[in-house]
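File shown: target.pdb. Contents: PDB, C-alpha atoms.
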```pdb
ATOM      1  CA  MET V   1      23.686   4.700   9.775  1.00  0.00           C
ATOM      2  CA  THR V   2      19.967   4.010   9.876  1.00  0.00           C
ATOM      3  CA  ASP V   3      17.802   1.576   7.974  1.00  0.00           C
ATOM      4  CA  GLN V   4      15.459   4.226   6.569  1.00  0.00           C
ATOM      5  CA  PRO V   5      17.339   5.431   3.442  1.00  0.00           C
ATOM      6  CA  ALA V   6      18.325   1.860   2.540  1.00  0.00           C
ATOM      7  CA  ALA V   7      14.766   0.580   3.060  1.00  0.00           C
ATOM      8  CA  LEU V   8      13.289   3.411   0.961  1.00  0.00           C
ATOM      9  CA  LEU V   9      15.795   2.773  -1.836  1.00  0.00           C
ATOM     10  CA  HIS V  10      15.197  -0.992  -1.617  1.00  0.00           C
ATOM     11  CA  GLU V  11      11.438  -0.509  -2.046  1.00  0.00           C
ATOM     12  CA  TRP V  12      11.811   2.068  -4.840  1.00  0.00           C
ATOM     13  CA  LEU V  13      14.048  -0.303  -6.812  1.00  0.00           C
ATOM     14  CA  ARG V  14      11.675  -3.234  -6.265  1.00  0.00           C
ATOM     15  CA  VAL V  15       8.842  -1.239  -7.829  1.00  0.00           C
ATOM     16  CA  HIS V  16      10.618   0.892 -10.462  1.00  0.00           C
ATOM     17  CA  ALA V  17      13.779  -1.007 -11.433  1.00  0.00           C
ATOM     18  CA  PRO V  18      12.930  -4.717 -11.163  1.00  0.00           C
ATOM     19  CA  VAL V  19      15.828  -5.887 -13.370  1.00  0.00           C
ATOM     20  CA  THR V  20      18.323  -4.169 -11.086  1.00  0.00           C
ATOM     21  CA  PHE V  21      16.383  -5.395  -8.036  1.00  0.00           C
ATOM     22  CA  GLU V  22      16.789  -8.994  -9.207  1.00  0.00           C
ATOM     23  CA  THR V  23      20.569  -8.662  -8.778  1.00  0.00           C
ATOM     24  CA  LEU V  24      20.026  -8.350  -5.009  1.00  0.00           C
ATOM     25  CA  THR V  25      22.059 -10.873  -2.984  1.00  0.00           C
ATOM     26  CA  ALA V  26      21.348  -9.555   0.529  1.00  0.00           C
ATOM     27  CA  ARG V  27      20.099 -11.870   3.246  1.00  0.00           C
ATOM     28  CA  PRO V  28      16.467 -11.217   4.260  1.00  0.00           C
ATOM     29  CA  ASP V  29      17.595 -10.032   7.719  1.00  0.00           C
ATOM     30  CA  ALA V  30      20.196  -7.569   6.383  1.00  0.00           C
ATOM     31  CA  ARG V  31      20.123  -4.023   7.762  1.00  0.00           C
ATOM     32  CA  GLY V  32      21.294  -0.641   6.478  1.00  0.00           C
ATOM     33  CA  ILE V  33      23.390  -0.623   3.320  1.00  0.00           C
ATOM     34  CA  TRP V  34      23.855  -4.386   3.639  1.00  0.00           C
ATOM     35  CA  MET V  35      20.177  -4.835   2.583  1.00  0.00           C
ATOM     36  CA  LEU V  36      21.242  -3.508  -0.851  1.00  0.00           C
ATOM     37  CA  SER V  37      24.088  -6.017  -1.354  1.00  0.00           C
ATOM     38  CA  GLY V  38      24.594  -7.130  -4.931  1.00  0.00           C
ATOM     39  CA  LEU V  39      22.545  -4.406  -6.624  1.00  0.00           C
ATOM     40  CA  ARG V  40      24.653  -3.752  -9.708  1.00  0.00           C
ATOM     41  CA  ASP V  41      25.621  -0.169 -10.538  1.00  0.00           C
ATOM     42  CA  LEU V  42      23.457   1.136  -7.708  1.00  0.00           C
ATOM     43  CA  ILE V  43      25.901   3.872  -6.748  1.00  0.00           C
ATOM     44  CA  PRO V  44      27.297   5.849  -9.668  1.00  0.00           C
ATOM     45  CA  PRO V  45      29.166   5.245 -11.732  1.00  0.00           C
ATOM     46  CA  MET V  46      29.699   1.510 -11.123  1.00  0.00           C
ATOM     47  CA  TRP V  47      29.568   0.599  -7.436  1.00  0.00           C
ATOM     48  CA  GLU V  48      27.802  -2.497  -6.117  1.00  0.00           C
ATOM     49  CA  PRO V  49      27.046  -2.711  -2.383  1.00  0.00           C
ATOM     50  CA  MET V  50      28.894  -5.592  -0.707  1.00  0.00           C
ATOM     51  CA  THR V  51      27.653  -8.245   1.657  1.00  0.00           C
ATOM     52  CA  PRO V  52      28.996  -7.885   5.203  1.00  0.00           C
ATOM     53  CA  GLU V  53      31.071 -11.025   4.650  1.00  0.00           C
ATOM     54  CA  PHE V  54      32.698  -9.715   1.457  1.00  0.00           C
ATOM     55  CA  SER V  55      33.312  -6.382   3.186  1.00  0.00           C
ATOM     56  CA  ALA V  56      35.217  -8.150   5.968  1.00  0.00           C
ATOM     57  CA  GLU V  57      37.280 -10.122   3.414  1.00  0.00           C
ATOM     58  CA  GLN V  58      38.123  -7.000   1.389  1.00  0.00           C
ATOM     59  CA  ARG V  59      38.991  -5.061   4.516  1.00  0.00           C
ATOM     60  CA  ALA V  60      41.398  -7.764   5.730  1.00  0.00           C
ATOM     61  CA  TRP V  61      43.025  -8.010   2.289  1.00  0.00           C
ATOM     62  CA  LEU V  62      43.432  -4.255   1.812  1.00  0.00           C
ATOM     63  CA  VAL V  63      44.751  -3.694   5.341  1.00  0.00           C
ATOM     64  CA  GLU V  64      47.246  -6.540   4.870  1.00  0.00           C
ATOM     65  CA  LEU V  65      48.435  -5.031   1.584  1.00  0.00           C
ATOM     66  CA  GLY V  66      48.889  -1.677   3.262  1.00  0.00           C
ATOM     67  CA  GLU V  67      50.812  -3.163   6.152  1.00  0.00           C
ATOM     68  CA  ARG V  68      53.127  -5.143   3.845  1.00  0.00           C
ATOM     69  CA  SER V  69      54.053  -2.089   1.818  1.00  0.00           C
ATOM     70  CA  PRO V  70      53.724   0.874   4.175  1.00  0.00           C
ATOM     71  CA  HIS V  71      54.097   4.440   3.006  1.00  0.00           C
ATOM     72  CA  PRO V  72      56.470   6.118   5.468  1.00  0.00           C
ATOM     73  CA  ASP V  73      55.331   9.570   4.380  1.00  0.00           C
ATOM     74  CA  ASP V  74      51.670   8.770   5.166  1.00  0.00           C
ATOM     75  CA  PRO V  75      50.830   9.913   8.685  1.00  0.00           C
ATOM     76  CA  ASP V  76      47.443   8.792   9.961  1.00  0.00           C
ATOM     77  CA  GLY V  77      45.044  11.721  10.152  1.00  0.00           C
ATOM     78  CA  PRO V  78      41.486  12.254  11.300  1.00  0.00           C
ATOM     79  CA  ALA V  79      38.459  10.907   9.440  1.00  0.00           C
ATOM     80  CA  GLY V  80      37.924  12.452   6.038  1.00  0.00           C
ATOM     81  CA  THR V  81      41.603  13.066   5.312  1.00  0.00           C
ATOM     82  CA  PRO V  82      43.640  11.319   2.584  1.00  0.00           C
ATOM     83  CA  SER V  83      45.566   8.158   3.299  1.00  0.00           C
ATOM     84  CA  ALA V  84      48.002   6.365   1.008  1.00  0.00           C
ATOM     85  CA  GLY V  85      47.468   3.147   2.955  1.00  0.00           C
ATOM     86  CA  PHE V  86      44.189   1.368   3.605  1.00  0.00           C
ATOM     87  CA  ARG V  87      43.564   1.679   7.355  1.00  0.00           C
ATOM     88  CA  ARG V  88      41.883  -0.714   9.796  1.00  0.00           C
ATOM     89  CA  PRO V  89      39.154   1.872  10.571  1.00  0.00           C
ATOM     90  CA  PHE V  90      38.059   1.860   6.895  1.00  0.00           C
ATOM     91  CA  VAL V  91      34.970  -0.301   6.319  1.00  0.00           C
ATOM     92  CA  PRO V  92      34.395  -1.243   2.656  1.00  0.00           C
ATOM     93  CA  ILE V  93      30.741  -0.973   1.649  1.00  0.00           C
ATOM     94  CA  ALA V  94      30.752  -1.201  -2.170  1.00  0.00           C
ATOM     95  CA  SER V  95      33.019  -2.583  -4.886  1.00  0.00           C
ATOM     96  CA  ASN V  96      33.492  -2.095  -8.600  1.00  0.00           C
ATOM     97  CA  GLY V  97      34.732  -5.677  -9.036  1.00  0.00           C
ATOM     98  CA  SER V  98      38.352  -4.606  -9.653  1.00  0.00           C
ATOM     99  CA  GLY V  99      39.607  -4.284  -6.088  1.00  0.00           C
ATOM    100  CA  ASP V 100      38.500  -0.670  -5.756  1.00  0.00           C
ATOM    101  CA  VAL V 101      36.050   0.179  -2.983  1.00  0.00           C
ATOM    102  CA  LEU V 102      33.845   2.762  -1.412  1.00  0.00           C
ATOM    103  CA  TYR V 103      34.454   2.746   2.323  1.00  0.00           C
ATOM    104  CA  VAL V 104      33.241   4.366   5.509  1.00  0.00           C
ATOM    105  CA  ASP V 105      36.049   6.200   7.310  1.00  0.00           C
ATOM    106  CA  GLU V 106      35.592   5.358  10.993  1.00  0.00           C
ATOM    107  CA  ARG V 107      38.692   7.174  12.224  1.00  0.00           C
ATOM    108  CA  PRO V 108      37.952   9.709  14.957  1.00  0.00           C
ATOM    109  CA  GLY V 109      37.238  13.293  13.999  1.00  0.00           C
ATOM    110  CA  PRO V 110      34.344  15.518  12.968  1.00  0.00           C
ATOM    111  CA  GLU V 111      34.008  13.690   9.627  1.00  0.00           C
ATOM    112  CA  SER V 112      33.883  10.192  11.115  1.00  0.00           C
ATOM    113  CA  GLY V 113      31.422   8.111   9.097  1.00  0.00           C
ATOM    114  CA  CYS V 114      32.105   9.823   5.762  1.00  0.00           C
ATOM    115  CA  VAL V 115      32.088   7.755   2.555  1.00  0.00           C
ATOM    116  CA  CYS V 116      35.294   7.769   0.521  1.00  0.00           C
ATOM    117  CA  GLN V 117      36.546   5.988  -2.582  1.00  0.00           C
ATOM    118  CA  TRP V 118      39.739   3.935  -2.725  1.00  0.00           C
ATOM    119  CA  TRP V 119      41.475   3.026  -5.984  1.00  0.00           C
ATOM    120  CA  HIS V 120      43.899   0.267  -5.006  1.00  0.00           C
ATOM    121  CA  ASP V 121      46.266   0.468  -7.996  1.00  0.00           C
ATOM    122  CA  ASP V 122      47.352   4.048  -7.558  1.00  0.00           C
ATOM    123  CA  TYR V 123      46.069   4.897  -4.086  1.00  0.00           C
ATOM    124  CA  LEU V 124      43.691   7.548  -5.366  1.00  0.00           C
ATOM    125  CA  TRP V 125      41.414   8.827  -2.666  1.00  0.00           C
ATOM    126  CA  ALA V 126      38.343  11.047  -2.588  1.00  0.00           C
ATOM    127  CA  LYS V 127      35.762  11.915   0.044  1.00  0.00           C
ATOM    128  CA  LEU V 128      32.344  11.651  -1.629  1.00  0.00           C
ATOM    129  CA  TRP V 129      29.559  11.900   0.993  1.00  0.00           C
ATOM    130  CA  PRO V 130      29.404  12.846   4.683  1.00  0.00           C
ATOM    131  CA  SER V 131      27.641   9.553   5.569  1.00  0.00           C
ATOM    132  CA  VAL V 132      26.104   6.382   4.152  1.00  0.00           C
ATOM    133  CA  ASP V 133      22.617   7.753   4.808  1.00  0.00           C
ATOM    134  CA  VAL V 134      23.385  10.906   2.798  1.00  0.00           C
ATOM    135  CA  MET V 135      24.823   8.776  -0.033  1.00  0.00           C
ATOM    136  CA  LEU V 136      21.741   6.541  -0.214  1.00  0.00           C
ATOM    137  CA  THR V 137      19.387   9.525   0.035  1.00  0.00           C
ATOM    138  CA  ASP V 138      21.312  11.227  -2.782  1.00  0.00           C
ATOM    139  CA  VAL V 139      21.029   8.128  -4.989  1.00  0.00           C
ATOM    140  CA  LEU V 140      17.304   7.726  -4.240  1.00  0.00           C
ATOM    141  CA  ARG V 141      16.581  11.398  -4.958  1.00  0.00           C
ATOM    142  CA  ALA V 142      18.412  11.143  -8.281  1.00  0.00           C
ATOM    143  CA  LEU V 143      16.505   8.001  -9.244  1.00  0.00           C
ATOM    144  CA  GLU V 144      13.148   9.531  -8.307  1.00  0.00           C
ATOM    145  CA  THR V 145      13.776  12.807 -10.133  1.00  0.00           C
ATOM    146  CA  GLY V 146      16.297  11.973 -12.861  1.00  0.00           C
ATOM    147  CA  GLY V 147      18.688  14.184 -10.948  1.00  0.00           C
ATOM    148  CA  VAL V 148      22.468  14.246 -10.777  1.00  0.00           C
ATOM    149  CA  VAL V 149      24.744  12.571  -8.209  1.00  0.00           C
ATOM    150  CA  LEU V 150      28.241  13.819  -7.391  1.00  0.00           C
ATOM    151  CA  GLY V 151      27.714  16.622  -9.876  1.00  0.00           C
ATOM    152  CA  LYS V 152      28.304  14.396 -12.894  1.00  0.00           C
ATOM    153  CA  TYR V 153      26.093  11.284 -13.027  1.00  0.00           C
ATOM    154  CA  ARG V 154      22.447  11.469 -14.106  1.00  0.00           C
ATOM    155  CA  ALA V 155      20.148   8.686 -12.999  1.00  0.00           C
ATOM    156  CA  GLN V 156      17.746   6.891 -15.270  1.00  0.00           C
ATOM    157  CA  VAL V 157      15.948   3.579 -15.418  1.00  0.00           C
ATOM    158  CA  LEU V 158      15.975   1.843 -18.802  1.00  0.00           C
ATOM    159  CA  ASP V 159      13.936  -1.334 -19.249  1.00  0.00           C
ATOM    160  CA  GLY V 160      13.775  -1.869 -15.498  1.00  0.00           C
ATOM    161  CA  GLU V 161      17.501  -1.354 -14.934  1.00  0.00           C
ATOM    162  CA  VAL V 162      19.329   1.507 -13.211  1.00  0.00           C
ATOM    163  CA  ASP V 163      21.702   3.341 -15.517  1.00  0.00           C
ATOM    164  CA  TRP V 164      23.971   6.306 -14.858  1.00  0.00           C
ATOM    165  CA  GLN V 165      24.965   8.719 -17.608  1.00  0.00           C
ATOM    166  CA  HIS V 166      28.056  10.889 -17.280  1.00  0.00           C
ATOM    167  CA  VAL V 167      26.951  14.502 -17.767  1.00  0.00           C
ATOM    168  CA  GLY V 168      30.033  16.556 -17.236  1.00  0.00           C
TER     169      GLY V 168
END
```

Target format structure tokens, applied to this file:
Amino acid sequence: MTDQPAALLHEWLRVHAPVTFETLTARPDARGIWMLSGLRDLIPPMWEPMTPEFSAEQRAWLVELGERSPHPDDPDGPAGTPSAGFRRPFVPIASNGSGDVLYVDERPGPESGCVCQWWHDDYLWAKLWPSVDVMLTDVLRALETGGVVLGKYRAQVLDGEVDWQHVG
């Protein structure tokens, strides 16, 4: 993960979406995705980047839940493969406020570093982007062009606020 996509997105939001930018809670020295902490609905459809501290809390909580109620039929696989339990190598990076997270899968394998979603209630899993940098670049491109992210969310800025419309 580099600082470039996050810094470009940070600056674009400051200029073009000031209402969304005002929701920023990141520390001034934050790096990478952490510099976007608190930006509501930044990642479609409803994800808000976490602070590093909240990420660590969520990670500990989700790992503990997984260890208390293990799934015996859930062998640990390489990065980018489904998992019924939340694993220690998963690093939460964004939340929807309901206990669901986007996380970076840091297990070994060719897809190490991919961004996945985790729905805690029913253990739904999906791999969304190959890396955080690709995710942030995808979001920035959509905001700049009015393009689509994940094949179904169109970016727009309304009255200084980022908004995502479901398109299919």

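For the file at hand, the PyMOL selection byres ((chain V and resi 49) around 9) resolves to Ile33, Trp34, Met35, Leu36, Ser37, Gly38, Leu39, Arg40, Asp41, Leu42, Ile43, Trp47, Glu48, Met50, Thr51, Ile93, Ala94, Ser95, Asn96 and Leu102 of chain V.
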
Selection in question (the file shown): the PyMOL selection byres ((chain V and resi 2-15) around 7). Which residues does it include, as a list in words? Met1, His16, Ala17, Pro18, Phe21, Arg31, Gly32, Ile33, Met35, Leu36, Asp133, Leu136, Thr137 and Leu140 of chain V

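The smallest atom-to-atom distance between Pro130 (chain V) and any of V:Gly168, V:Gly80, V:Gly97, V:Gly66, using only C-alpha atoms, is found for V:Gly80.
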
Mind working out the centre and edge lengths of an axis-aligned box for region 5-10 of chain V, all listed atoms inside, 4 Å added to each side, rounded to one decimal in Å and written as AutoDock Vina command-line options?
```
--center_x 15.8 --center_y 2.2 --center_z 0.8 --size_x 13.0 --size_y 14.4 --size_z 13.3
```

Using only C-alpha atoms, list the residues that have an atom at most 9 Å from (14.3, 1.2, -15.9), coordinates as in the file, as a short mmCIF file (atom, residue, chain, number, x, y, z; two decimals) with C-alpha atoms, keeping the file's coordinate frame.
```
data_model
loop_
_atom_site.label_atom_id
_atom_site.label_comp_id
_atom_site.auth_asym_id
_atom_site.auth_seq_id
_atom_site.Cartn_x
_atom_site.Cartn_y
_atom_site.Cartn_z
CA HIS V 16 10.62 0.89 -10.46
CA ALA V 17 13.78 -1.01 -11.43
CA PRO V 18 12.93 -4.72 -11.16
CA VAL V 19 15.83 -5.89 -13.37
CA THR V 20 18.32 -4.17 -11.09
CA GLN V 156 17.75 6.89 -15.27
CA VAL V 157 15.95 3.58 -15.42
CA LEU V 158 15.98 1.84 -18.80
CA ASP V 159 13.94 -1.33 -19.25
CA GLY V 160 13.78 -1.87 -15.50
CA GLU V 161 17.50 -1.35 -14.93
CA VAL V 162 19.33 1.51 -13.21
CA ASP V 163 21.70 3.34 -15.52
#
```

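Straight-line separation from CA of Ala30 (chain V) to CA of Pro52 (chain V): 8.9 Å.
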
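Distance annotation: of V:Val148, V:His166, V:Val101, V:Ala79, the residue with the minimal separation from Ser131 (chain V) is V:Ala79; atom set is only C-alpha atoms.
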
Just say which residues the PyMOL selection byres ((chain V and resi 65) around 12) picks in this file, as a PyMOL selection string. chain V and resi 58-64+66-71+84-88+99+120-121+123

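Comparing the minimum interatomic distances between Gly113 (chain V) and each of V:Trp125, V:Asp100, V:Pro92, V:Arg154, counting all atoms listed in the file, we find that V:Pro92 sits nearest.
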
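Comparing V:Asp29, V:Asp105, V:Glu22, V:Asp76 by their smallest distance to Ala126 (chain V), the closest is V:Asp105 (using only C-alpha atoms).
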
Could you pull region 50-79 of chain V out of the block above and save it with C-alpha atoms, as a PDB file, in the first residue's frame?
```pdb
ATOM      1  CA  MET V  50     -11.499   3.284   9.995  1.00  0.00           C
ATOM      2  CA  THR V  51      -8.829   4.794  12.178  1.00  0.00           C
ATOM      3  CA  PRO V  52      -5.929   2.433  12.901  1.00  0.00           C
ATOM      4  CA  GLU V  53      -7.100   2.229  16.515  1.00  0.00           C
ATOM      5  CA  PHE V  54     -10.665   1.235  15.586  1.00  0.00           C
ATOM      6  CA  SER V  55      -9.272  -1.273  13.088  1.00  0.00           C
ATOM      7  CA  ALA V  56      -7.255  -2.941  15.853  1.00  0.00           C
ATOM      8  CA  GLU V  57     -10.323  -3.048  18.141  1.00  0.00           C
ATOM      9  CA  GLN V  58     -12.548  -4.529  15.418  1.00  0.00           C
ATOM     10  CA  ARG V  59      -9.904  -7.058  14.467  1.00  0.00           C
ATOM     11  CA  ALA V  60      -9.521  -8.266  18.068  1.00  0.00           C
ATOM     12  CA  TRP V  61     -13.303  -8.500  18.503  1.00  0.00           C
ATOM     13  CA  LEU V  62     -13.929 -10.356  15.239  1.00  0.00           C
ATOM     14  CA  VAL V  63     -11.039 -12.780  15.770  1.00  0.00           C
ATOM     15  CA  GLU V  64     -12.275 -13.493  19.307  1.00  0.00           C
ATOM     16  CA  LEU V  65     -15.786 -14.177  18.004  1.00  0.00           C
ATOM     17  CA  GLY V  66     -14.388 -16.545  15.413  1.00  0.00           C
ATOM     18  CA  GLU V  67     -12.277 -18.384  17.946  1.00  0.00           C
ATOM     19  CA  ARG V  68     -15.197 -18.775  20.381  1.00  0.00           C
ATOM     20  CA  SER V  69     -17.450 -20.296  17.753  1.00  0.00           C
ATOM     21  CA  PRO V  70     -15.148 -22.033  15.277  1.00  0.00           C
ATOM     22  CA  HIS V  71     -16.414 -23.569  12.074  1.00  0.00           C
ATOM     23  CA  PRO V  72     -14.891 -27.056  11.899  1.00  0.00           C
ATOM     24  CA  ASP V  73     -15.581 -27.289   8.175  1.00  0.00           C
ATOM     25  CA  ASP V  74     -13.623 -24.075   7.464  1.00  0.00           C
ATOM     26  CA  PRO V  75     -10.037 -24.927   6.564  1.00  0.00           C
ATOM     27  CA  ASP V  76      -7.702 -21.952   6.322  1.00  0.00           C
ATOM     28  CA  GLY V  77      -6.764 -21.272   2.714  1.00  0.00           C
ATOM     29  CA  PRO V  78      -4.513 -18.843   0.898  1.00  0.00           C
ATOM     30  CA  ALA V  79      -5.256 -15.130   0.583  1.00  0.00           C
TER      31      ALA V  79
END
```
